[in-house]
Each structure stands twice: as structure tokens, then as C-alpha cells.
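Raw contents of protein.cif, mmCIF, C-alpha atoms:
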data_query
loop_
_atom_site.label_atom_id
_atom_site.label_comp_id
_atom_site.auth_asym_id
_atom_site.auth_seq_id
_atom_site.Cartn_x
_atom_site.Cartn_y
_atom_site.Cartn_z
CA MET A 1 -22.79 -93.31 82.57
CA LEU A 2 -24.76 -90.97 84.79
CA SER A 3 -28.27 -89.56 84.54
CA THR A 4 -29.11 -86.26 86.23
CA LEU A 5 -32.49 -87.68 87.25
CA GLY A 6 -32.12 -88.55 90.93
CA ASN A 7 -35.41 -90.41 91.23
CA CYS A 8 -36.22 -92.65 94.21
CA GLY A 9 -37.20 -95.75 92.23
CA THR A 10 -39.97 -96.73 94.64
CA CYS A 11 -42.81 -94.16 94.46
CA ALA A 12 -45.97 -94.53 92.39
CA HIS A 13 -44.54 -92.52 89.50
CA CYS A 14 -41.31 -94.52 89.41
CA ASP A 15 -43.32 -97.73 89.69
CA HIS A 16 -45.35 -96.67 86.64
CA SER A 17 -42.20 -95.91 84.60
CA ARG A 18 -42.51 -92.13 84.96
CA PRO A 19 -39.29 -91.27 86.84
CA THR A 20 -39.30 -87.66 85.60
CA MET A 21 -42.40 -87.13 87.77
CA CYS A 22 -40.78 -88.54 90.92
CA ARG A 23 -41.20 -86.00 93.74
CA ASP A 24 -37.74 -86.85 95.05
CA THR A 25 -36.24 -85.10 92.03
CA PHE A 26 -37.74 -81.75 93.08
CA GLY A 27 -36.04 -79.88 95.90
CA HIS A 28 -34.37 -82.97 97.40
CA ARG A 29 -30.88 -82.30 96.11
CA PRO A 30 -28.15 -84.30 97.84
CA THR A 31 -25.21 -82.72 99.71
CA PRO A 32 -22.50 -85.38 99.41
CA PHE A 33 -19.57 -82.94 99.57
CA SER A 34 -18.03 -80.63 102.13
CA LEU A 35 -15.25 -78.05 101.93
CA ASP A 36 -13.73 -76.57 105.07
CA GLY A 37 -16.62 -78.02 107.07
CA VAL A 38 -19.31 -76.49 104.84
CA THR A 39 -21.68 -78.85 103.02
CA HIS A 40 -22.14 -78.43 99.27
CA TYR A 41 -24.87 -79.54 96.91
CA ALA A 42 -24.30 -81.86 93.97
CA PHE A 43 -24.94 -79.80 90.84
CA ALA A 44 -27.74 -81.32 88.72
CA ASN A 45 -27.66 -84.33 91.07
CA VAL A 46 -24.35 -85.48 89.58
CA SER A 47 -21.73 -82.71 90.04
CA SER A 48 -20.41 -83.20 86.54
CA PHE A 49 -17.35 -80.95 87.09
CA ALA A 50 -16.08 -83.04 90.02
CA GLU A 51 -13.56 -85.83 89.43
CA PRO A 52 -15.16 -88.11 92.08
CA THR A 53 -18.88 -87.91 92.78
CA VAL A 54 -21.66 -89.66 94.68
CA VAL A 55 -24.98 -90.53 93.01
CA LYS A 56 -28.01 -92.71 93.62
CA ALA A 57 -27.88 -96.23 92.21
CA THR A 58 -30.80 -95.35 89.90
CA GLN A 59 -28.60 -92.72 88.23
CA ALA A 60 -25.72 -95.03 87.28
CA VAL A 61 -26.57 -96.79 84.03
CA PRO A 62 -24.39 -99.55 82.52
CA ILE A 63 -23.40 -98.95 78.88
CA PRO A 64 -21.59 -101.04 76.26
CA LYS A 65 -17.80 -100.84 76.58
CA GLU A 66 -17.50 -100.16 72.84
CA VAL A 67 -19.04 -96.70 73.12
CA PRO A 68 -16.43 -93.90 73.45
CA LEU A 69 -16.92 -91.97 76.68
CA ALA A 70 -16.52 -88.55 75.03
CA SER A 71 -19.57 -89.31 72.90
CA VAL A 72 -21.74 -91.31 75.26
CA CYS A 73 -21.46 -88.69 78.03
CA LEU A 74 -23.75 -86.49 75.94
CA ILE A 75 -26.64 -88.92 76.29
CA GLY A 76 -27.13 -88.04 79.97
CA CYS A 77 -28.72 -84.66 79.29
CA GLY A 78 -29.11 -83.21 75.78
CA VAL A 79 -29.80 -86.51 74.02
CA LEU A 80 -32.32 -87.73 76.60
CA THR A 81 -34.08 -84.37 76.52
CA GLY A 82 -34.21 -83.73 72.78
CA ALA A 83 -34.71 -87.26 71.46
CA GLY A 84 -36.93 -88.21 74.40
CA ALA A 85 -39.32 -85.36 73.62
CA VAL A 86 -39.89 -86.91 70.19
CA PHE A 87 -39.96 -90.57 71.20
CA ASN A 88 -41.63 -90.40 74.62
CA ARG A 89 -43.60 -87.18 75.00
CA ALA A 90 -44.86 -86.43 71.50
CA ARG A 91 -44.55 -89.94 70.07
CA VAL A 92 -44.28 -88.47 66.59
CA GLU A 93 -45.37 -90.76 63.76
CA ALA A 94 -43.94 -91.20 60.26
CA GLY A 95 -45.04 -88.52 57.82
CA GLU A 96 -46.03 -85.95 60.42
CA ARG A 97 -44.96 -82.37 59.75
CA THR A 98 -42.50 -81.01 62.29
CA VAL A 99 -40.60 -77.88 63.30
CA VAL A 100 -37.64 -77.63 65.68
CA VAL A 101 -36.82 -74.18 67.04
CA GLY A 102 -33.16 -73.90 68.00
CA VAL A 103 -30.26 -75.91 66.58
CA GLY A 104 -28.27 -76.52 69.76
CA GLY A 105 -27.51 -79.73 71.60
CA ILE A 106 -31.17 -80.37 72.43
CA GLY A 107 -32.57 -79.25 69.08
CA LEU A 108 -30.13 -81.40 67.11
CA ASN A 109 -31.20 -84.48 69.05
CA ALA A 110 -34.85 -83.68 68.46
CA ILE A 111 -34.04 -83.37 64.75
CA GLN A 112 -32.25 -86.69 64.54
CA ALA A 113 -35.01 -88.43 66.48
CA LEU A 114 -37.54 -87.02 64.00
CA ARG A 115 -35.38 -88.37 61.18
CA LEU A 116 -35.40 -91.81 62.79
CA VAL A 117 -39.22 -91.91 63.09
CA GLY A 118 -39.71 -90.69 59.52
CA ALA A 119 -41.20 -87.24 60.14
CA ASP A 120 -41.53 -85.14 56.98
CA PRO A 121 -40.81 -82.34 56.64
CA ILE A 122 -38.38 -81.52 59.46
CA VAL A 123 -37.97 -77.75 59.51
CA ALA A 124 -35.19 -76.25 61.62
CA VAL A 125 -35.70 -72.63 62.73
CA GLU A 126 -32.55 -70.90 63.97
CA ALA A 127 -31.34 -67.30 64.27
CA ASN A 128 -27.72 -68.31 63.54
CA PRO A 129 -27.47 -69.13 59.80
CA ASP A 130 -24.07 -70.77 60.36
CA LYS A 131 -25.91 -73.74 61.89
CA GLU A 132 -27.76 -74.70 58.72
CA ALA A 133 -25.22 -77.31 57.60
CA LEU A 134 -25.28 -78.97 61.02
CA ALA A 135 -29.09 -79.01 61.11
CA ARG A 136 -29.22 -80.67 57.69
CA GLN A 137 -26.51 -83.15 58.67
CA PHE A 138 -28.68 -84.35 61.56
CA GLY A 139 -31.78 -84.69 59.41
CA ALA A 140 -33.48 -81.33 58.86
CA THR A 141 -35.12 -81.23 55.44
CA HIS A 142 -35.43 -77.43 55.48
CA PHE A 143 -33.81 -74.51 57.31
CA VAL A 144 -35.39 -71.18 58.18
CA ASP A 145 -33.13 -68.29 59.19
CA ALA A 146 -35.13 -66.62 61.96
CA SER A 147 -32.94 -63.52 61.76
CA GLU A 148 -34.24 -62.66 58.29
CA GLY A 149 -37.70 -62.41 56.79
CA ASN A 150 -40.92 -63.77 58.24
CA ALA A 151 -40.22 -67.12 59.89
CA VAL A 152 -43.93 -67.87 60.43
CA GLU A 153 -44.73 -67.44 56.74
CA ALA A 154 -41.72 -69.56 55.78
CA VAL A 155 -42.72 -72.40 58.11
CA GLN A 156 -46.35 -72.26 57.02
CA ASP A 157 -45.26 -72.50 53.39
CA LEU A 158 -42.79 -75.37 53.95
CA THR A 159 -45.29 -77.43 55.96
CA GLY A 160 -48.30 -76.83 53.75
CA GLY A 161 -50.26 -74.78 56.23
CA GLY A 162 -48.55 -75.53 59.50
CA ALA A 163 -46.84 -78.27 61.48
CA ASP A 164 -48.32 -81.15 63.43
CA TRP A 165 -45.56 -80.78 66.02
CA ALA A 166 -43.27 -77.93 67.04
CA PHE A 167 -40.42 -78.32 69.53
CA GLU A 168 -39.09 -75.20 71.25
CA CYS A 169 -35.49 -75.86 72.28
CA VAL A 170 -34.22 -72.34 73.03
CA GLY A 171 -35.77 -71.19 76.29
CA SER A 172 -36.90 -67.89 74.78
CA LYS A 173 -40.17 -66.18 75.63
CA ALA A 174 -40.43 -64.79 72.09
CA ALA A 175 -39.60 -68.15 70.50
CA MET A 176 -42.23 -69.94 72.57
CA GLU A 177 -44.92 -67.42 71.70
CA GLN A 178 -44.06 -67.47 68.01
CA ALA A 179 -43.89 -71.28 67.87
CA LEU A 180 -47.67 -71.48 68.34
CA ALA A 181 -48.05 -69.81 64.95
CA TYR A 182 -46.03 -72.58 63.30
CA LEU A 183 -48.79 -75.10 64.06
CA ASP A 184 -51.59 -76.30 61.84
CA TRP A 185 -55.04 -76.97 63.30
CA SER A 186 -54.80 -79.60 66.06
CA GLY A 187 -51.02 -79.21 66.17
CA SER A 188 -49.02 -79.41 69.39
CA LEU A 189 -46.15 -77.34 70.78
CA VAL A 190 -43.67 -79.13 73.05
CA ILE A 191 -41.66 -76.74 75.22
CA LEU A 192 -38.17 -77.97 76.12
CA GLY A 193 -36.31 -74.68 76.60
CA VAL A 194 -35.94 -73.20 80.08
CA THR A 195 -36.63 -69.48 80.50
CA PRO A 196 -35.28 -67.33 83.33
CA ALA A 197 -37.28 -67.79 86.53
CA GLY A 198 -40.44 -65.70 86.61
CA THR A 199 -40.75 -65.35 82.83
CA ALA A 200 -44.38 -65.18 81.68
CA VAL A 201 -45.26 -66.54 78.25
CA GLU A 202 -48.32 -64.87 76.70
CA PHE A 203 -50.74 -65.89 73.98
CA PHE A 204 -54.29 -65.12 72.92
CA PRO A 205 -56.80 -67.88 73.80
CA GLU A 206 -58.05 -67.90 70.21
CA ALA A 207 -54.56 -69.04 69.17
CA ILE A 208 -55.36 -72.50 70.57
CA TYR A 209 -59.09 -72.77 69.86
CA LEU A 210 -58.54 -75.06 66.88
CA ASP A 211 -57.50 -77.94 69.14
CA LYS A 212 -53.92 -76.79 69.46
CA SER A 213 -51.99 -78.02 72.52
CA ILE A 214 -49.06 -76.75 74.56
CA LEU A 215 -47.11 -79.52 76.29
CA GLY A 216 -44.42 -79.29 78.91
CA CYS A 217 -41.62 -81.83 78.77
CA ARG A 218 -39.13 -82.56 81.52
CA TYR A 219 -35.92 -84.39 80.60
CA GLY A 220 -37.57 -85.86 77.51
CA ALA A 221 -40.07 -87.81 79.66
CA SER A 222 -37.19 -90.27 79.77
CA ARG A 223 -36.67 -93.57 81.52
CA PRO A 224 -32.86 -93.45 81.80
CA GLN A 225 -32.34 -97.10 82.73
CA ARG A 226 -34.15 -98.04 79.51
CA ASP A 227 -33.34 -95.13 77.21
CA ILE A 228 -29.60 -94.66 77.77
CA PRO A 229 -28.65 -98.22 76.75
CA ARG A 230 -31.09 -98.00 73.84
CA TYR A 231 -29.47 -94.82 72.46
CA ALA A 232 -26.03 -96.37 72.93
CA GLU A 233 -27.06 -99.42 70.92
CA ILE A 234 -28.61 -97.30 68.16
CA TYR A 235 -25.34 -95.34 68.06
CA LEU A 236 -23.33 -98.55 67.70
CA SER A 237 -25.60 -99.57 64.82
CA GLY A 238 -24.61 -96.38 62.99
CA ARG A 239 -28.09 -94.83 63.03
CA PHE A 240 -27.69 -92.32 65.89
CA MET A 241 -25.12 -89.51 65.73
CA LEU A 242 -23.15 -88.76 68.88
CA ASP A 243 -19.61 -88.10 67.62
CA GLU A 244 -20.96 -85.39 65.33
CA LEU A 245 -22.45 -83.52 68.30
CA ILE A 246 -18.97 -82.77 69.63
CA THR A 247 -17.60 -79.49 68.32
CA GLU A 248 -14.49 -79.65 70.46
CA ILE A 249 -12.95 -81.54 73.41
CA TYR A 250 -11.26 -79.32 76.00
CA PRO A 251 -8.87 -80.11 78.86
CA MET A 252 -10.28 -79.36 82.30
CA ASP A 253 -8.14 -76.24 82.77
CA GLU A 254 -9.92 -74.64 79.79
CA ILE A 255 -13.36 -74.87 81.37
CA GLN A 256 -13.81 -71.10 81.15
CA THR A 257 -13.14 -71.25 77.41
CA VAL A 258 -15.96 -73.79 77.08
CA PHE A 259 -18.38 -71.35 78.69
CA GLU A 260 -17.21 -68.51 76.44
CA ASP A 261 -17.54 -70.61 73.28
CA MET A 262 -20.96 -71.85 74.38
CA GLU A 263 -22.28 -68.35 75.06
CA ALA A 264 -20.92 -67.16 71.71
CA GLY A 265 -22.86 -69.89 69.91
CA ARG A 266 -19.74 -71.63 68.58
CA LEU A 267 -20.63 -75.09 69.94
CA ALA A 268 -23.10 -77.85 69.31
CA ARG A 269 -21.56 -79.49 72.37
CA GLY A 270 -18.21 -79.01 74.08
CA VAL A 271 -16.77 -81.90 76.10
CA LEU A 272 -14.43 -81.56 79.07
CA ASP A 273 -11.71 -84.20 79.41
CA PHE A 274 -10.56 -84.69 83.00
CA GLY A 275 -7.50 -86.55 81.82
CA VAL A 276 -8.03 -89.39 84.31
CA GLU A 277 -8.94 -93.04 83.82
#
Would you give me this structure, written as C-alpha cells?
Amino acid sequence: MLSTLGNCGTCAHCDHSRPTMCRDTFGHRPTPFSLDGVTHYAFANVSSFAEPTVVKATQAVPIPKEVPLASVCLIGCGVLTGAGAVFNRARVEAGERTVVVGVGGIGLNAIQALRLVGADPIVAVEANPDKEALARQFGATHFVDASEGNAVEAVQDLTGGGADWAFECVGSKAAMEQALAYLDWSGSLVILGVTPAGTAVEFFPEAIYLDKSILGCRYGASRPQRDIPRYAEIYLSGRFMLDELITEIYPMDEIQTVFEDMEAGRLARGVLDFGVE
């Protein structure tokens, strides 16, 4: 399967097992395609909507043949990002109090990674109450409907004064700013969501005086050549949910429907089937 991380494999960061920090992944997008003599970029370094594609060798990761492609394809982005934030960036320990903001493809993988490490409680915060059952299926111990009541008070109550870790998986300015209030003293906020370019996130300095931290996290601080096979093996052992992430599989000619369903919040993940072997 393919990773979107087009790292070089030879720089100091790659050599120290930090491929997400490889400078080649920033602004060095390949142009392997042309149409009518005009060169075209490879979207996300893989061009996932193209039947044939060209990628770097470091992006092509061998996986067990037993893993169904419709499920394993999800590892390449949402799983690496959400689960990797827990395993690699935060390195959450058993018993730590946690909050995940946003129950989408990234948030669900953060939740199930927290379940695997033994975090407790695991509070899911989501403005769509229809996602409660899915959040609990993946491991959330509590659900807070952000569209009703005071979410900060609810989280503070459920965590006994605040969380040790909060993961923002929405890409919302308001959600990022509010997530700081979910933390207990010395707690850390990990930001995974991507806001529109130029968005400024604001907070009062006193909000972090009590040793609170705000951490960025790119692609789950992942090492795809190590992490992708590991997630596939955990899936085969029955401990990691991939099939359950798929809300629906669409034929390629319904790609516009996928976008519409995604924007309407009807999907955990939609998968496109090219119909080719």
C-alpha cells in the first residue's frame, strides 16, 4: 500500500527515523503526469484518484496478502495520523485521562489507539450526536454532544478536573481554542486538524501557565515502513478495527457522491473501488 509521505530516505531526519520532518516532503511535489503536453502534480504525493501512479520507493510499503484492500487502504492517511498521534507523538500511557475532539476518520483512530494503550477515560467530543454509537464502538468510554450544553464543564466532570491529553481532530479554530480548557494542570493538547490557510488560533497566555503544552503533529509522527505493517498485523490479530471504519464502498463513477456524503457528515470513511485488479 502507499503512504502519502514522499520522504527522501537519506537526510538526517530520515536517518534518525523522523521521516515526517524530511524537507523533501515540503514543496517538492513530483510531477509524474502530463495531459496535452501540460505537466501535472501528484496529489498528496500519490494521486489516489488515478488508476496508475508513480511514487517513490519509500512510499510503497509491503503488506500481508490476507488484509482486504478496501480496509487496508485506510491506513495510509487517517489511521497513520490518528493512531500515530497517540502512539508516536503523545505516547499516551495506561490510565491517563484523554479527550478526542471530532469523531471522523482521524478521531476514530485516535480513540481506538487510546483503547489499545489503556487510557481511561476516553471522552469523545462531537457536534453530531449521531456519531455516539460509532465513538463508543471504537473505544470511547464517554460521549459529549458539543452542540448542547457546556462541553468544557462536561469534560471537566468526566475526567475529574481535566484531561492529561486532548486530541483536536476537526481543524476548527473554535475547537482548538476550546480544547485547551479540557486539560488538567500539566496536560497537553495535540493538534491534528488542519484549518484553512491563514487561520489564527488565539489563547490567553495564562491558559498555559500551569505547564500545559500545545503540540503540533504531522501525519501522526509516523514511520510508514514500520507502522503500516504493524497496524496491518494488529488488524489481523483482531485488535485493530479497519472494516468498521468503512461506511460505504462506492464505484469510481460515484466519486462526486462520496464528496457530498463526506461534507454532509454521513461517513466515517468512504472507499472508492476502481473496479480493476
Check your understanding: Taking only C-alpha atoms into account, which of A:Thr25, A:Gln225, A:Thr195, A:Ser188 comes nearest Ala90 in chain A?
Key ->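 With only C-alpha atoms as the atom set, the closest residue is A:Ser188.
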Check your understanding: Restricting the calculation to only C-alpha atoms, which member of A:Tyr41, A:Tyr250, A:Tyr219, A:Phe259 is positioned closest to Asp273 in chain A?
Key -> A:Tyr250
Check your understanding: By how many Å are CA of Thr199 in chain A and CA of Gly216 in chain A apart?
Key ->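 Value for the CA of Thr199 in chain A-CA of Gly216 in chain A distance: 14.9 Å.
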Check your understanding: Of the candidates A:Ala154, A:Met1, A:Ala174, A:Ala221, which shows the shortest atom-to-atom distance to Ala70 in chain A, using only C-alpha atoms?
Key -> A:Met1
Review point. Which of these, A:Ala83, A:Ile249, A:Ala268, A:Ala124, has the shortest distance to Gly104 in chain A once you count all atoms listed in the file?
Key: A:Ala268
Exercise for review: Quick one: everything within 12 Å of Leu2 in chain A, counting only C-alpha atoms, minus sequence neighbours fewer than 5 positions away in the same chain. Send it as a VMD selection string.
Suggested key: chain A and resid 44 to 48 53 to 63 69 72 to 77 80 224 to 225 228 to 229
Review point. Closest to Arg218 in chain A among A:Met252, A:Ala175, A:Leu267, A:Leu192, using all atoms listed in the file?
Key: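 Closest residue, counting all atoms listed in the file: A:Leu192.
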Check your understanding: So how many Å separate CA of Val144 in chain A and CA of Asp211 in chain A, to one decimal?
Key -> 25.6 Å
Practice item. Tell me which of A:Ser186, A:Thr81, A:Ser222, A:Asn128 sits closest to Phe167 in chain A, counting only C-alpha atoms. Key: A:Thr81
**Study point:** One-decimal distance in Å that lies between CA of Val125 in chain A and CA of Leu108 in chain A
**Key:**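 According to the coordinates, CA of Leu108 in chain A and CA of Val125 in chain A are separated by 11.3 Å.
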Point to revise | Hits from the PyMOL selection byres ((chain A and resi 190) around 10), listed as a PyMOL selection string | key: chain A and resi 85-86+89-90+100+165-169+176+179-180+188-189+191-193+213-217
Review point. What's the 10 Å shell around Met21 in chain A, counting all atoms listed in the file, without same-chain residues fewer than 3 positions away, as a ChimeraX atom specification?
Key: /A:5,7,11-14,17-18,24-26,218,221
Practice item. Anything within 9 Å of (-20.5, -84.3, 64.9): list those residues as a ChimeraX atom specification, counting all atoms listed in the file and sticking to the file's coordinates. Key: /A:134,137-138,241-247,268-269
Practice item. Can you pull out every residue within 10 Å of Thr98 in chain A, counting all atoms listed in the file, but drop anything in the same chain fewer than 6 positions away, and send it as a list in words? Key: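 Returned residues: Val92, Ile111, Leu114, Ala119, Asp120, Pro121, Ile122, Val123, Ala124, Ala140, Val155, Thr159, Gly162, Ala163, Asp164, Trp165, Ala166, Phe167, Tyr182, Leu183, Gly187, Ser188 and Leu189 of chain A.
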